[in-house]
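Okay, work_16.tsv is below, TSV, C-alpha atoms:
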```tsv
chain	number	residue	atom	x	y	z
A	235	MET	CA	-110.79	-182.47	134.69
A	236	LYS	CA	-107.92	-179.94	134.52
A	237	ALA	CA	-105.61	-182.44	132.87
A	238	GLY	CA	-108.21	-183.18	130.19
A	239	LEU	CA	-108.76	-179.49	129.46
A	240	ALA	CA	-105.02	-178.84	129.35
A	241	GLN	CA	-104.54	-181.71	126.92
A	242	ALA	CA	-107.40	-180.45	124.73
A	243	LEU	CA	-105.78	-177.00	124.66
A	244	LEU	CA	-102.40	-178.45	123.71
A	245	ASN	CA	-103.96	-180.59	120.98
A	246	TRP	CA	-105.74	-177.54	119.58
A	247	ARG	CA	-102.55	-175.44	119.67
A	248	PHE	CA	-100.53	-178.06	117.82
A	249	GLN	CA	-103.15	-178.07	115.04
A	250	GLN	CA	-102.79	-174.30	114.46
A	251	SER	CA	-100.54	-173.16	111.66
A	252	GLU	CA	-98.25	-170.17	111.95
A	253	VAL	CA	-97.77	-167.77	109.06
A	254	GLN	CA	-94.46	-166.03	108.57
A	255	THR	CA	-93.75	-163.71	105.69
A	256	VAL	CA	-90.38	-163.92	104.00
A	257	GLY	CA	-87.90	-161.59	105.66
A	258	SER	CA	-90.15	-161.00	108.65
A	259	SER	CA	-88.69	-161.26	112.12
A	260	THR	CA	-92.00	-162.32	113.61
A	261	SER	CA	-94.36	-165.22	113.04
A	262	THR	CA	-97.46	-163.02	112.85
A	263	GLU	CA	-98.89	-161.91	109.53
A	264	SER	CA	-98.80	-158.20	110.29
A	265	GLY	CA	-95.85	-157.94	112.65
A	266	SER	CA	-97.92	-157.43	115.79
A	267	VAL	CA	-100.28	-159.55	117.84
A	268	LEU	CA	-102.98	-156.94	118.40
A	269	GLN	CA	-104.08	-154.64	115.61
A	270	PRO	CA	-105.43	-151.16	116.42
A	271	ALA	CA	-109.03	-152.31	115.92
A	272	LYS	CA	-108.55	-155.11	118.48
A	273	ILE	CA	-106.90	-152.74	120.94
A	274	GLU	CA	-109.89	-150.40	120.65
A	275	GLU	CA	-112.18	-153.34	121.42
A	276	ILE	CA	-110.11	-154.13	124.52
A	277	TRP	CA	-110.39	-150.49	125.60
A	278	SER	CA	-114.16	-150.71	125.12
A	279	ASP	CA	-114.30	-153.92	127.17
A	280	ILE	CA	-112.31	-152.26	129.98
A	281	ASP	CA	-114.78	-149.35	129.99
A	282	GLN	CA	-117.80	-151.64	130.10
A	283	LEU	CA	-116.57	-154.20	132.64
A	284	LEU	CA	-117.98	-153.71	136.10
A	285	THR	CA	-115.42	-154.62	138.73
A	286	PRO	CA	-115.76	-154.82	142.51
A	287	THR	CA	-114.76	-151.73	144.47
A	288	TRP	CA	-111.85	-153.57	146.12
A	289	MET	CA	-110.28	-154.37	142.74
A	290	THR	CA	-107.68	-152.00	141.31
A	291	SER	CA	-109.01	-150.01	138.39
A	292	VAL	CA	-107.31	-149.99	135.00
A	293	LEU	CA	-107.59	-146.96	132.73
A	294	SER	CA	-109.12	-147.69	129.35
A	295	ASN	CA	-106.38	-146.03	127.30
A	296	ILE	CA	-103.83	-148.65	128.25
A	297	GLY	CA	-101.05	-149.02	125.70
A	298	GLN	CA	-100.90	-145.35	124.80
A	299	SER	CA	-97.92	-143.26	125.83
A	300	SER	CA	-100.26	-140.82	127.59
A	301	HIS	CA	-101.28	-143.60	129.99
A	302	GLY	CA	-97.87	-143.93	131.58
A	303	LYS	CA	-96.57	-146.99	133.37
A	304	LEU	CA	-98.71	-149.54	135.15
A	305	LYS	CA	-98.26	-150.38	138.79
A	306	ALA	CA	-97.96	-154.01	139.85
A	307	ASP	CA	-101.56	-154.27	141.05
A	308	GLN	CA	-102.79	-152.75	137.78
A	309	TRP	CA	-100.82	-155.36	135.82
A	310	CYS	CA	-102.38	-158.05	137.99
A	311	ALA	CA	-105.93	-156.75	137.41
A	312	LEU	CA	-105.30	-156.33	133.70
A	313	GLY	CA	-103.83	-159.80	133.21
A	314	THR	CA	-106.18	-161.77	135.40
A	315	THR	CA	-109.46	-160.05	134.56
A	316	HIS	CA	-109.64	-157.47	131.80
A	317	LEU	CA	-107.36	-159.01	129.16
A	318	LEU	CA	-108.51	-162.51	129.99
A	319	LEU	CA	-112.15	-161.68	129.28
A	320	SER	CA	-111.41	-159.55	126.22
A	321	LEU	CA	-109.06	-162.02	124.56
A	322	ILE	CA	-111.42	-164.93	125.13
A	323	ARG	CA	-114.08	-162.93	123.32
A	324	LEU	CA	-111.74	-161.71	120.55
A	325	TRP	CA	-109.82	-164.93	119.95
A	326	GLY	CA	-112.62	-167.34	120.81
A	327	PHE	CA	-113.86	-170.08	118.56
A	328	ASN	CA	-116.24	-169.10	115.79
A	329	SER	CA	-118.00	-172.40	115.26
A	330	ASP	CA	-120.46	-174.15	117.52
A	331	THR	CA	-118.64	-177.47	117.09
A	332	SER	CA	-115.38	-176.39	118.71
A	333	PRO	CA	-114.73	-177.40	122.33
```

Encoded form (structure tokens):
Amino acid sequence: MKAGLAQALLNWRFQQSEVQTVGSSTSTESGSVLQPAKIEEIWSDIDQLLTPTWMTSVLSNIGQSSHGKLKADQWCALGTTHLLLSLIRLWGFNSDTSP
């Protein structure tokens, strides 16, 4: 099952085109992966997500200089829960026919 899903993900990724503007040092259209509107949506998701009491909390203003540095357990919670759920929603497929 995992091997089939991994292969489907690789096949999908190889079908995606990358856009690079002339003279740009990055392969993204705007020079960054997450635009301010998307970051605000992630902040909103962090605010709305109910997590168990034993899980480390992550402040919703992550990415701003006023937030400061993250501790290791905050990075873990952010990467394995908060960002995972937000990015699936934000970058998910738009059609009902996609896998």

| field | Atomic distance CA of Val292 (chain A) - CA of Ile280 (chain A), expressed in Å with one decimal | value |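 Interatomic distance here is 7.4 Å.
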
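The space between CA of Gln308 (chain A) and CA of Ile296 (chain A) spans 10.4 Å.
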
| field | Exercise: region 282-285 of chain A partners within 10 Å, all atoms listed in the file, chain neighbours under 2 positions left out, as a list in words | value | Ile276, Trp277, Ser278, Asp279, Ile280, Thr287, Trp288, Met289, Thr290, Ser291, Ser294, Ala311, Thr315, His316, Leu319 and Ser320 of chain A

| What is the CA of Arg323 (chain A) to CA of Pro286 (chain A) distance in Å? |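 Here the two named atoms are 20.9 Å from each other.
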
| message | My list of candidates is A:Gly297, A:Ala306, A:Leu244, A:Gln250. Which is closest to Gln269 (chain A) when distances are computed with only C-alpha atoms? | response |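 Smallest distance to Gln269 (chain A) is found for A:Gly297.
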
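Shortest separation to Ile273 (chain A) among A:Leu321, A:Ala242, A:Lys236, A:Asp307 occurs at residue A:Leu321, atoms counted being only C-alpha atoms.
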
Please enclose the listed atoms of region 236-249 of chain A in an axis-aligned box, pad each side by 4 Å, and write out the centre and the three edge lengths in Å, rounded to one decimal, as lines of an AutoDock Vina configuration file.
```
center_x = -104.6
center_y = -179.3
center_z = 124.8
size_x = 16.2
size_y = 15.7
size_z = 27.5
```
